[in-house]
Every structure is written in C-alpha cells, then in structure tokens.
Amino acid sequence: MQASNKDGLGADTRSLAVYARILGLSWGVDIRFDERLPTAMTDGKTIFLPLRQQMGSQEDAILAEGLVDHEAGVHCRQTDFDLGQTLLEGEPAITLAISNILEDVWGERELCALKPGCAPTIDKALEIMLRRGVFRGPDPKSEPAAHVVNTVLTGLRTVKRGQVVLADLYKAHREFAEASLGPELVEKVWQKACEVDQVASTQQAIVLAKEIVALIAQQAQGQGDEQGQPPPEQQQGHESQDQESAQAGAQDQAQQQTQQDGPQPGQQPGQGGNDEADQEGKGGQSGQPAQDGQTDPQRGKPGSASSGQDSGNEQASQGEPGTGAPGAPGSSGASQGAPKQGQSASPGQGSRSGTGQPTAPASQPGAGQPEEQQSQASPQPQPQPKPSAQAEAQAKAQEMARKVLDATASQTGSGEFADQLSKALGAAGKAHKPTFGSGDESPGARGAGTRWDLNARDLVDEVPHLSQRIGELARPVSIKLGNKLEDALTSLVETAVDFRRTGRRIQSRILPGVITAAKTRIFRHQDEQEGIDTSVLILTDISGSMRSGFGGQMSCLEAAYACTRALGDVLDRFQVPFAVRLFGHQLTRVKSFDQSWRRHRLYMTPLTEGSTCTDQALLSVVPEIANRQEQRKLLVLLTDGIPADETAAAAAMAEARRAGVEVATLLISASGAPAMSSFKQVLDKFGIAHTTVHQSEELANGMFASVKAAVQTQRV
C-alpha cells in the first residue's frame, strides 16, 4: 500500500538518513549526521552531513546520492587535506573558493572516469538544484568577488564538465564580472582557469588558484595591461605642451629684445619678468588675448591686460607679453595699481596659463603693485585636468580588484559543490515529516521515548540464570520448528554444495570424521547454482514493556530470546550468516555476522531500557545488512512498543526494501497491552507487511516462516 499524499507521505517519500548511510558504506566511509553543521564536510574517513530531517522525496534522495558521491568519490579519495591547510594559510578568501572549484572539477573528472555511473547522478542533482534556485543568476547587490567566483564555477562546469544547463548562468555572471573588473582581466582569469585540464592534485589546484588571484592582484596594483589607459603619447601630452610653451615664450622674448632699440629707461638687466612668466605659463598658448571679464581658470580671477599700466605705454608693451616696461617715460599709470575699466589686452598677453600679470619685481623703481596683486603673482599649483572616461573606468576596475582581494569568505562563497548540494537539501520542495497523533505517544505511554545514545555496546558477559532459562524455552521451539527449517535448508544445500579433498573453505562440522572415519572430504565447495545465498539480521526490542507477560509462562523478552536462540542454532548449522542486535535507547550488539554463534548465544541481557527508538535502531542496522554480498537479505524486527518516531521507523523499513532487504515485522501484543493502531496505520501507508502475535508459538512460527520464505525465494 502506498503512502497517502494527504498525510504528507507521498509515494516517493524516502528515508534520507538510511539511504545516505547505505551509500556511505558502499564507498567504504562512515556517514554521520549533525544538525548543527552548516554544510557537508569530511576529514577523509568520515562524512558529516547536516541532515535536519529524516524524511525526503525522491529528488532529495538524488541530491543525497550526489552529495555522498561527491564527498566520498572526490574528497575522501583524492583531496590532500593537510597539504591544503598548509598552502592556503594566510591566502585571501577568494583563493580558497577558486581552489575548491578547481578541485571539484578535476576530482569529478577522475571520479566519472573511475565510476561512470556517478556522472548522471551528479548531473541530475545539478538539475534539481537549478529548479530549487540554489544556482541562479547574478545578484546586482553582490560583491564583485562573488561574480568572479560564480563565473569560474559555472564556466568550468559548463565547458569542462559538460553541464550545459549552466551555460546561461555562466554568461550572465561573466557579464557582471566584466562590468566590475573589465573584460580584459576577466578573459585572463578565464583562460587561466581553463588550465584545470592539467590539474591532477590538491597542490596543483591551489597553485593554479593562486595564479588566478595574482592576475587580479596585478590589476589592483595597476601593474597589468591597463584597459582604457591612453597611449604613451597621450599620457605625455601635457608635459610636451608645457615644454613647447616654455620654448615659445623664450623665443618671443628674444624677438622682443632684438626689436627694441635698447633697454628701456629705468629697466634693470633681466627685469623683464620673462623667466617668471615662463614658469607660470607652462602649457600656455601665446598670442591668445584675454577677453574682458574672462575668468582665469588657473587662479579664479579676471584676466587683465597689464595691471598698473598706463594706456599711453602701448608702444613699449607691443610684442612684449606679460610686461608693462615699468619706469619708462610716460608710464605714470604704473603706480596706480589697477587697470582701467574696459582696457583691452595687448597682443601676446592673454594665454590659458593666466600669465597676464606684470612680472617686474616689486622692488623695481616705478613698478609698484597693489599688495594683493603682488601676493597673487607668485606661482600657484596647477589644477589637475579632469580624468577621461577611460581613466575613470580604469580607476574603477582597479578599485574593484582590491575589493575582490579584500572580500571575506561570506562575500566570495566557498565555491564548494557540496555546500550547494547541502543547501539544496534544505531548500523549498523538501518533504516535511508528518506526525501521527493517537494519544499513545504521551509521556508514560508504553514504549514511548525519544532519547537515543549514539554509543553502541557489546555484550561480552554471560548471565547464567538467564542463559539457562532461555535454553529451556528454546529447546521445544528447536525441536518443533527447527526440523522443518532444516529440511528446507538441506534441500537447498544438496543442490549446490558438496565436499572435496581440496579447496579453501573447511567444513568444521565434519572435521571429527577425519579422525574417527578417516574422511578427507572436508572442504566445502559451492557451485554457481542456487544455494543458501541469504543473510539474516534479528533486531529485538528491549524496552521496559517487554517485561510484560506473554502467554502466562514467560515474558515477551524471554520469548523473543528463546526464539532467537532456536533460530540461530539452525542458521549456524548450515552456515547461514546472521547477526543479532538489541535496541531500546541504544544499540546493543549480541553477535555480528563474522562472530561465532556458539559463544555469543550465551550473551543476552536481562536489562531493559526506557525508550523505543526503533527508527534510530533501523538507521544503524539497515545499511549494515543492505551492503552484504548475499543475494537475499532478511531483517526480522521484534517489537511490542510504539516507536518514538513511527513515520521515520516505517520509512526506514521502506528504504531497506528499496535496498533489497526483506523486512519481517512481528508486533508482539502482550496481555492487556494497548493496540498499536497508529503504528500499524503508518506501516500500511508505506506498504510494510506486519504480523501481530499474541503467543510464543505464534512468534516462533513467524520468525521461522520468514526465514524459510527468504531462503526459498529466488530474487529477480
């Protein structure tokens, strides 16, 4: 019976915790869950998953498989964690992010070559991540470092991994990166990132990441090929103009002096002010008159023709820029200190360098100037020219490059594919775990409890009185039901197993015949035909309610122990691998698959526990039996209590069935015990078969029948 959508249990409801652990064991790594973790991580031996819910959909199962394949196949098998910590110490956050991307790409390349089946799984997971919005277009509010990281991530996965579903996102992220850092730098970063084809180790991935970051650092320092920078001849334009202006001023002065009949009266040698005018007039253009009221861009004052110069001195001032020939006859206006209103500039005096002031020293006779004008006649700093659009773009790109280098880990993102997969597992669309309320889960109810101890224990001590009691109860069960099961097992063994003088597997049961009857055929040989290719795991509830009476002569716990010993004796005789586990608020190992039953059959505990954490117990044992090599696998669950989490327990059984494990659920109903109606309802919704037993004989019949059906059923 399929799960009901009305109760939140769709037909594709999965137990992610069980499935992830099964996948982990298939890779030979341990999977542990911690809700406090922000993302998946591994130390090379154990993968830690931030699984916050045990329930999920089929899409969540695909994401979980992609996550485990990526972590186990890429990082656990290929990443050098110690070397990575050493080489990345003190590096910018973006170096770590890019190195993660490079390592993911080359690691998945090696993984898919080793196990081609991982490629479609990771690709399907990526498509689900796109649908859930984990991978999406650029955010205009993001830092430029995020655009760089996303460009490298989506670009390499599109081009180098062939995940073309990211092509549009790569184009969008690259456009944003180019808008911040400039197309030339982004192209350099991209070309360098494409060298991931030559990466084959963690060290090479980090070295390549550092080379990419070095390109960004060059632009931040202005050392790269600066985009938008004017050519050298343009950069030196102002300087060459200044030199040409200075030379032109010197030539004009020489011409003026040659045109004069001699030194002007009262003028001292070298007092023409030309040297000062040349210094102040760098970059100026002679011969451009200053108009009335024109503002001098250098000094912010109106340009004048000749301060303190009389209009009658026109003959002396013609062709002599910047001087008023103070002290000459008829120059009485030189001491008046202010130009006349409307006075026009003489040719050659006006220039864009603002050198229209008289340059005669103030100490010269007759060259008196107002104090304000004298103070302003000193050289003033030249204003910086307004930067061009190209220069502004270059400055912006340089600033953005510095931001990329200074970005924190939260601004760059980790670049790790597993982080995105972990995020997708918690994204919208995830199936939420429903709850089933029947009133039996209230405090104090039979079998209720949610406390689970992660530390499992092994039973290594015998309790004599309990062992004797179980032996007495198990003997009639073995006689009555053991013979029937032995007949079924014998018929299967005889068709596929014989004994030879040579081989690899000694049959210990017939070793005494070597001495007593001189039998030398002691090596067991199994053909390729059908045989006992079955493994069994018995999981028994030891919650406090199992002390209740069962049939008047024994408790539920004693009946379960007696049936387990009787069944174990038969399975051990025919060398069927099996294991025995107990659970309450922790997992107790009685016998593992590779341990001797003859010794461990005595190790049973009379102690009971307060919780019935059936889901946690199944989480522990289902992956163990699911990864067995036998063709048929059987899980026998004996319980009388309501699980702490009914839905998770049923989902774990359904997950075991998906993994090829048959589940036989025997619900023990003691005298006067409340009906487990809610748990049965959940089992029905997941399509899990279950049997309710009221007597010890029914319990024994159910256990032996389930094993007989398992060994006789040929799985397709």
# chains A, B, ... in the order shown; residues from 1 in each chain; ligands from 1

$ residues_around --residues "Ala172 in chain A" --least-positions-apart "2" --cutoff "10 Å" --atoms "only C-alpha atoms" --output "count of residues only"
15

$ residues_around --residues "Leu637 in chain A" --least-positions-apart "6" --cutoff "7 Å" --atoms "only C-alpha atoms" --output "ChimeraX atom specification"
/A:538-540,664-666

$ select_by_dssp --residues "range 39-113 of chain A" --states "alpha helix (DSSP H)" --output "PyMOL selection string"
chain A and resi 58-70+77-78+81-87+93-113

$ write_last_selection --atoms "C-alpha atoms" --output "tab-separated table (two decimals), in the first residue's frame"
chain	number	residue	atom	x	y	z
A	58	GLN	CA	12.79	11.13	-4.49
A	59	GLU	CA	14.51	14.36	-5.55
A	60	ASP	CA	16.05	14.65	-2.10
A	61	ALA	CA	17.37	11.11	-2.45
A	62	ILE	CA	19.03	12.07	-5.74
A	63	LEU	CA	20.60	15.09	-4.05
A	64	ALA	CA	21.80	12.92	-1.17
A	65	GLU	CA	23.33	10.44	-3.59
A	66	GLY	CA	25.08	13.21	-5.48
A	67	LEU	CA	26.34	14.66	-2.21
A	68	VAL	CA	27.74	11.35	-0.96
A	69	ASP	CA	29.27	10.51	-4.36
A	70	HIS	CA	30.93	13.92	-4.50
A	77	ARG	CA	39.63	9.54	-2.21
A	78	GLN	CA	41.60	12.41	-3.75
A	81	PHE	CA	43.52	17.91	3.50
A	82	ASP	CA	46.77	18.52	5.40
A	83	LEU	CA	48.53	19.97	2.37
A	84	GLY	CA	45.56	22.17	1.57
A	85	GLN	CA	45.59	23.75	5.02
A	86	THR	CA	49.31	24.48	4.72
A	87	LEU	CA	49.25	26.01	1.24
A	93	ALA	CA	39.24	34.09	0.80
A	94	ILE	CA	38.84	34.06	-2.96
A	95	THR	CA	41.90	31.82	-3.29
A	96	LEU	CA	40.21	29.14	-1.22
A	97	ALA	CA	36.96	29.49	-3.16
A	98	ILE	CA	38.63	29.16	-6.56
A	99	SER	CA	40.82	26.26	-5.41
A	100	ASN	CA	37.67	24.44	-4.26
A	101	ILE	CA	36.13	24.92	-7.69
A	102	LEU	CA	39.24	23.65	-9.47
A	103	GLU	CA	39.50	20.65	-7.18
A	104	ASP	CA	35.83	19.79	-7.65
A	105	VAL	CA	36.17	19.89	-11.44
A	106	TRP	CA	39.28	17.74	-11.73
A	107	GLY	CA	38.09	15.47	-8.92
A	108	GLU	CA	34.75	14.78	-10.60
A	109	ARG	CA	36.58	14.20	-13.87
A	110	GLU	CA	38.62	11.44	-12.23
A	111	LEU	CA	35.57	10.11	-10.38
A	112	CYS	CA	33.46	9.78	-13.52
A	113	ALA	CA	36.32	8.02	-15.29

$ atom_distance --atom1 "CA of Thr639 in chain A" --atom2 "CA of Met703 in chain A"
12.6 Å

$ atom_distance --atom1 "CA of Ala650 in chain A" --atom2 "CA of Met604 in chain A"
26.8 Å

$ residues_around --residues "range 618-626 of chain A" --least-positions-apart "5" --cutoff "9 Å" --atoms "only C-alpha atoms" --output "list in words"
Ala17, Val18, Tyr19, Ala20, Arg21, Ile22, Leu23, Gly24, Leu25, Ser535, Val536, Leu537, Leu539, Arg581, Leu587, Cys613, Lys633, Leu634, Leu635, Ala649, Ala652, Met653, Glu655, Ala656, Ala659, Gly660 and Val661 of chain A
